[in-house]
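Trainee: Coordinates in upload06.tsv, TSV, C-alpha atoms, are listed below.
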chain	number	residue	atom	x	y	z
A	25	MET	CA	24.78	132.67	-67.38
A	26	ASN	CA	22.58	129.95	-68.79
A	27	GLU	CA	18.95	129.03	-68.23
A	28	ALA	CA	19.71	126.49	-65.49
A	29	GLU	CA	21.49	129.10	-63.36
A	30	ILE	CA	18.66	131.58	-63.85
A	31	PHE	CA	16.09	128.99	-62.79
A	32	GLU	CA	18.21	128.07	-59.76
A	33	ILE	CA	18.53	131.71	-58.70
A	34	SER	CA	14.80	132.26	-59.21
A	35	ARG	CA	13.95	129.11	-57.25
A	36	ASP	CA	16.22	130.13	-54.38
A	37	ALA	CA	14.75	133.65	-54.32
A	38	ILE	CA	11.15	132.39	-54.29
A	39	PHE	CA	11.92	129.79	-51.62
A	40	THR	CA	13.61	132.43	-49.46
A	41	LEU	CA	10.65	134.76	-49.95
A	42	LEU	CA	8.26	132.04	-48.81
A	43	LYS	CA	10.39	131.23	-45.75
A	44	VAL	CA	10.52	134.90	-44.75
A	45	VAL	CA	6.89	135.83	-45.39
A	46	THR	CA	5.01	132.70	-44.32
A	47	PRO	CA	5.27	133.16	-40.53
A	48	VAL	CA	4.00	136.74	-40.73
A	49	ILE	CA	1.10	135.82	-42.99
A	50	GLY	CA	0.29	132.83	-40.78
A	51	VAL	CA	0.09	135.01	-37.68
A	52	ALA	CA	-2.10	137.56	-39.49
A	53	LEU	CA	-4.37	134.77	-40.70
A	54	ALA	CA	-4.66	133.18	-37.25
A	55	VAL	CA	-5.35	136.47	-35.49
A	56	GLY	CA	-7.88	137.46	-38.14
A	57	LEU	CA	-9.65	134.12	-37.79
A	58	ILE	CA	-9.79	134.38	-33.99
A	59	ILE	CA	-11.09	137.95	-34.15
A	60	GLY	CA	-13.61	136.99	-36.83
A	61	ILE	CA	-14.95	134.16	-34.67
A	62	PHE	CA	-15.09	136.51	-31.67
A	63	GLN	CA	-17.00	139.10	-33.69
A	64	ALA	CA	-19.43	136.48	-34.99
A	65	LEU	CA	-20.10	135.15	-31.50
A	66	THR	CA	-20.57	138.55	-29.88
A	67	GLN	CA	-22.05	140.33	-32.93
A	68	ILE	CA	-19.62	143.22	-32.43
A	69	GLN	CA	-18.88	144.59	-35.89
A	70	GLU	CA	-16.34	147.27	-35.03
A	71	MET	CA	-13.73	147.65	-37.81
A	72	THR	CA	-10.93	148.74	-35.49
A	73	LEU	CA	-11.40	145.53	-33.50
A	74	ALA	CA	-10.33	143.62	-36.59
A	75	PHE	CA	-7.33	145.74	-37.58
A	76	VAL	CA	-5.60	146.94	-34.42
A	77	PRO	CA	-4.86	143.52	-32.83
A	78	LYS	CA	-3.79	142.15	-36.21
A	79	ILE	CA	-1.38	145.04	-36.78
A	80	ILE	CA	0.06	144.66	-33.28
A	81	CYS	CA	0.55	140.90	-33.68
A	82	VAL	CA	2.15	141.28	-37.11
A	83	PHE	CA	4.48	143.96	-35.77
A	84	LEU	CA	5.49	141.76	-32.83
A	85	THR	CA	6.07	138.85	-35.19
A	86	LEU	CA	8.29	141.01	-37.37
A	87	VAL	CA	10.28	142.17	-34.35
A	88	LEU	CA	10.72	138.65	-32.99
A	89	LEU	CA	11.55	137.02	-36.32
A	90	PHE	CA	13.76	139.80	-37.70
A	91	PRO	CA	17.03	137.93	-36.96
A	92	PHE	CA	15.73	134.86	-38.79
A	93	MET	CA	14.52	136.94	-41.73
A	94	PHE	CA	17.79	138.87	-41.90
A	95	ASN	CA	19.78	135.63	-41.83
A	96	GLN	CA	17.74	134.16	-44.69
A	97	MET	CA	18.11	137.28	-46.82
A	98	GLN	CA	21.83	137.50	-46.06
A	99	THR	CA	22.33	133.87	-47.07
A	100	LEU	CA	20.54	134.51	-50.37
A	101	SER	CA	22.55	137.67	-51.00
A	102	ASP	CA	25.84	135.96	-50.19
A	103	SER	CA	25.10	133.13	-52.60
A	104	LEU	CA	24.09	135.57	-55.33
A	105	PHE	CA	27.23	137.67	-54.86
A	106	ALA	CA	29.36	134.54	-54.90
A	107	LYS	CA	27.76	133.48	-58.20
A	108	ILE	CA	28.32	136.94	-59.65
A	109	ALA	CA	31.95	137.05	-58.52
A	110	GLY	CA	32.56	133.49	-59.65
A	111	GLY	CA	31.61	134.10	-63.12
Show me, as structure tokens, the structure contained in the file I just sent.
Mentor:
Amino acid sequence: MNEAEIFEISRDAIFTLLKVVTPVIGVALAVGLIIGIFQALTQIQEMTLAFVPKIICVFLTLVLLFPFMFNQMQTLSDSLFAKIAGG
């Protein structure tokens, strides 16, 4: 295994990681921003108001996007196993 193959595997792994994680982080960011604006407008500074809706939305995002995430991880694993078996 030479340096070019290692860089290609690393690039594929990082790109797959970004594709899998970005939607979840985006939802958490959007929900946090909306709740932050709501708290600033109403001056309600309850900590659970910030965390509970964010956790629920992130959980729902994970449930809805699990097939996509699984497919991306399986594609990466299949390509890695093919490279290992191929030589």
Trainee: Just the number, please: distance in Å from CA of Thr99 in chain A to CA of Glu29 in chain A, one decimal.
Mentor: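 Computed distance, CA of Thr99 in chain A to CA of Glu29 in chain A, equals 17.0 Å.
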Trainee: To one decimal place, how far is CA of Asp102 in chain A from CA of Asn26 in chain A in Å?
Mentor: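 Separating CA of Asp102 in chain A from CA of Asn26 in chain A is a distance of 19.8 Å.
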Trainee: Near Thr40 in chain A, within 8 Å and counting all atoms listed in the file, which residues show up once chain neighbours fewer than 3 positions away are dropped, as a list in words?
Mentor: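 Near Thr40 in chain A, the qualifying residues are Asp36, Ala37, Lys43, Val44, Gln96, Met97 and Leu100 of chain A.
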Trainee: Taking all listed atoms of range 26-36 of chain A, build the axis-aligned box, pad each of the six sides by 5 Å, then write its centre and edge lengths in Å to one decimal as JSON.
Mentor:
{"center_x": 18.3, "center_y": 129.4, "center_z": -61.6, "size_x": 18.6, "size_y": 15.8, "size_z": 24.4}
Trainee: Provide the CA of Ile58 in chain A to CA of Ala74 in chain A distance in Å, to one decimal place.
Mentor: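 Separation of CA of Ile58 in chain A and CA of Ala74 in chain A: 9.6 Å.
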Trainee: Tell me which of A:Pro91, A:Val76, A:Gly110, A:Glu32 sits closest to Val55 in chain A, counting all atoms listed in the file.
Mentor: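 Among the listed residues, A:Val76 lies closest to Val55 in chain A.
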Trainee: Return the single residue from A:Phe75, A:Glu27, A:Val82, A:Pro47 that is closest to Ile59 in chain A, with distances computed using only C-alpha atoms.
Mentor: A:Phe75
Trainee: Between A:Val87, A:Val45, A:Gly56, A:Phe39, single out the one closest to Met71 in chain A, counting only C-alpha atoms.
Mentor: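 Closest to Met71 in chain A of all the choices is A:Gly56.
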Trainee: For Leu89 in chain A, find every residue with an atom within 9 Å (counting only C-alpha atoms), except residues of its own chain fewer than 4 positions away, and show them as a count of residues only.
Mentor: 7
Trainee: When you count all atoms listed in the file, which of these residues is closest to Ser34 in chain A: A:Leu104, A:Ala52, A:Leu88, A:Ala109?
Mentor: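 Once distances to Ser34 in chain A are computed over all atoms listed in the file, the minimum belongs to A:Leu104.
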Trainee: Point out the residue among A:Ile49, A:Leu65, A:Lys107, A:Phe31 with the least atom-to-atom distance to Cys81 in chain A, counting only C-alpha atoms.
Mentor: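 The closest residue to Cys81 in chain A is A:Ile49.
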Trainee: Could you model N, CA, C and O atoms for range 28-47 of chain A and present them as a PDB file, in the frame of the given file?
Mentor:
ATOM      1  N   ALA A  28      19.723 127.271 -66.734  1.00  0.00           N
ATOM      2  CA  ALA A  28      19.710 126.490 -65.490  1.00  0.00           C
ATOM      3  C   ALA A  28      20.100 127.351 -64.299  1.00  0.00           C
ATOM      4  O   ALA A  28      19.494 127.248 -63.221  1.00  0.00           O
ATOM      5  N   GLU A  29      21.083 128.218 -64.466  1.00  0.00           N
ATOM      6  CA  GLU A  29      21.490 129.100 -63.360  1.00  0.00           C
ATOM      7  C   GLU A  29      20.395 130.114 -63.040  1.00  0.00           C
ATOM      8  O   GLU A  29      20.160 130.428 -61.875  1.00  0.00           O
ATOM      9  N   ILE A  30      19.746 130.623 -64.072  1.00  0.00           N
ATOM     10  CA  ILE A  30      18.660 131.580 -63.850  1.00  0.00           C
ATOM     11  C   ILE A  30      17.511 130.925 -63.109  1.00  0.00           C
ATOM     12  O   ILE A  30      16.950 131.500 -62.165  1.00  0.00           O
ATOM     13  N   PHE A  31      17.150 129.700 -63.496  1.00  0.00           N
ATOM     14  CA  PHE A  31      16.090 128.990 -62.790  1.00  0.00           C
ATOM     15  C   PHE A  31      16.485 128.681 -61.349  1.00  0.00           C
ATOM     16  O   PHE A  31      15.663 128.754 -60.438  1.00  0.00           O
ATOM     17  N   GLU A  32      17.744 128.349 -61.119  1.00  0.00           N
ATOM     18  CA  GLU A  32      18.210 128.070 -59.760  1.00  0.00           C
ATOM     19  C   GLU A  32      18.156 129.324 -58.892  1.00  0.00           C
ATOM     20  O   GLU A  32      17.695 129.274 -57.741  1.00  0.00           O
ATOM     21  N   ILE A  33      18.587 130.445 -59.442  1.00  0.00           N
ATOM     22  CA  ILE A  33      18.530 131.710 -58.700  1.00  0.00           C
ATOM     23  C   ILE A  33      17.082 132.087 -58.418  1.00  0.00           C
ATOM     24  O   ILE A  33      16.742 132.495 -57.297  1.00  0.00           O
ATOM     25  N   SER A  34      16.217 131.936 -59.400  1.00  0.00           N
ATOM     26  CA  SER A  34      14.800 132.260 -59.210  1.00  0.00           C
ATOM     27  C   SER A  34      14.165 131.353 -58.160  1.00  0.00           C
ATOM     28  O   SER A  34      13.404 131.815 -57.305  1.00  0.00           O
ATOM     29  N   ARG A  35      14.491 130.060 -58.223  1.00  0.00           N
ATOM     30  CA  ARG A  35      13.950 129.110 -57.250  1.00  0.00           C
ATOM     31  C   ARG A  35      14.410 129.451 -55.841  1.00  0.00           C
ATOM     32  O   ARG A  35      13.611 129.465 -54.891  1.00  0.00           O
ATOM     33  N   ASP A  36      15.688 129.766 -55.691  1.00  0.00           N
ATOM     34  CA  ASP A  36      16.220 130.130 -54.380  1.00  0.00           C
ATOM     35  C   ASP A  36      15.562 131.409 -53.854  1.00  0.00           C
ATOM     36  O   ASP A  36      15.238 131.509 -52.666  1.00  0.00           O
ATOM     37  N   ALA A  37      15.362 132.389 -54.739  1.00  0.00           N
ATOM     38  CA  ALA A  37      14.750 133.650 -54.320  1.00  0.00           C
ATOM     39  C   ALA A  37      13.295 133.437 -53.887  1.00  0.00           C
ATOM     40  O   ALA A  37      12.865 133.968 -52.858  1.00  0.00           O
ATOM     41  N   ILE A  38      12.557 132.645 -54.645  1.00  0.00           N
ATOM     42  CA  ILE A  38      11.150 132.390 -54.290  1.00  0.00           C
ATOM     43  C   ILE A  38      11.059 131.587 -52.996  1.00  0.00           C
ATOM     44  O   ILE A  38      10.225 131.869 -52.132  1.00  0.00           O
ATOM     45  N   PHE A  39      11.929 130.593 -52.844  1.00  0.00           N
ATOM     46  CA  PHE A  39      11.920 129.790 -51.620  1.00  0.00           C
ATOM     47  C   PHE A  39      12.276 130.631 -50.411  1.00  0.00           C
ATOM     48  O   PHE A  39      11.656 130.510 -49.346  1.00  0.00           O
ATOM     49  N   THR A  40      13.245 131.530 -50.560  1.00  0.00           N
ATOM     50  CA  THR A  40      13.610 132.430 -49.460  1.00  0.00           C
ATOM     51  C   THR A  40      12.462 133.377 -49.134  1.00  0.00           C
ATOM     52  O   THR A  40      12.166 133.620 -47.965  1.00  0.00           O
ATOM     53  N   LEU A  41      11.812 133.894 -50.163  1.00  0.00           N
ATOM     54  CA  LEU A  41      10.650 134.760 -49.950  1.00  0.00           C
ATOM     55  C   LEU A  41       9.564 134.041 -49.158  1.00  0.00           C
ATOM     56  O   LEU A  41       9.007 134.588 -48.203  1.00  0.00           O
ATOM     57  N   LEU A  42       9.290 132.801 -49.520  1.00  0.00           N
ATOM     58  CA  LEU A  42       8.260 132.040 -48.810  1.00  0.00           C
ATOM     59  C   LEU A  42       8.665 131.775 -47.358  1.00  0.00           C
ATOM     60  O   LEU A  42       7.833 131.856 -46.456  1.00  0.00           O
ATOM     61  N   LYS A  43       9.939 131.472 -47.120  1.00  0.00           N
ATOM     62  CA  LYS A  43      10.390 131.230 -45.750  1.00  0.00           C
ATOM     63  C   LYS A  43      10.311 132.486 -44.900  1.00  0.00           C
ATOM     64  O   LYS A  43      10.030 132.414 -43.711  1.00  0.00           O
ATOM     65  N   VAL A  44      10.530 133.650 -45.506  1.00  0.00           N
ATOM     66  CA  VAL A  44      10.520 134.900 -44.750  1.00  0.00           C
ATOM     67  C   VAL A  44       9.100 135.395 -44.502  1.00  0.00           C
ATOM     68  O   VAL A  44       8.784 135.897 -43.428  1.00  0.00           O
ATOM     69  N   VAL A  45       8.220 135.230 -45.469  1.00  0.00           N
ATOM     70  CA  VAL A  45       6.890 135.830 -45.390  1.00  0.00           C
ATOM     71  C   VAL A  45       5.859 134.926 -44.713  1.00  0.00           C
ATOM     72  O   VAL A  45       4.930 135.416 -44.066  1.00  0.00           O
ATOM     73  N   THR A  46       6.021 133.626 -44.820  1.00  0.00           N
ATOM     74  CA  THR A  46       5.010 132.700 -44.320  1.00  0.00           C
ATOM     75  C   THR A  46       4.673 132.854 -42.842  1.00  0.00           C
ATOM     76  O   THR A  46       3.489 132.852 -42.484  1.00  0.00           O
ATOM     77  N   PRO A  47       5.653 132.997 -41.938  1.00  0.00           N
ATOM     78  CA  PRO A  47       5.270 133.160 -40.530  1.00  0.00           C
ATOM     79  C   PRO A  47       4.425 134.407 -40.267  1.00  0.00           C
ATOM     80  O   PRO A  47       3.469 134.359 -39.482  1.00  0.00           O
TER      81      PRO A  47
END
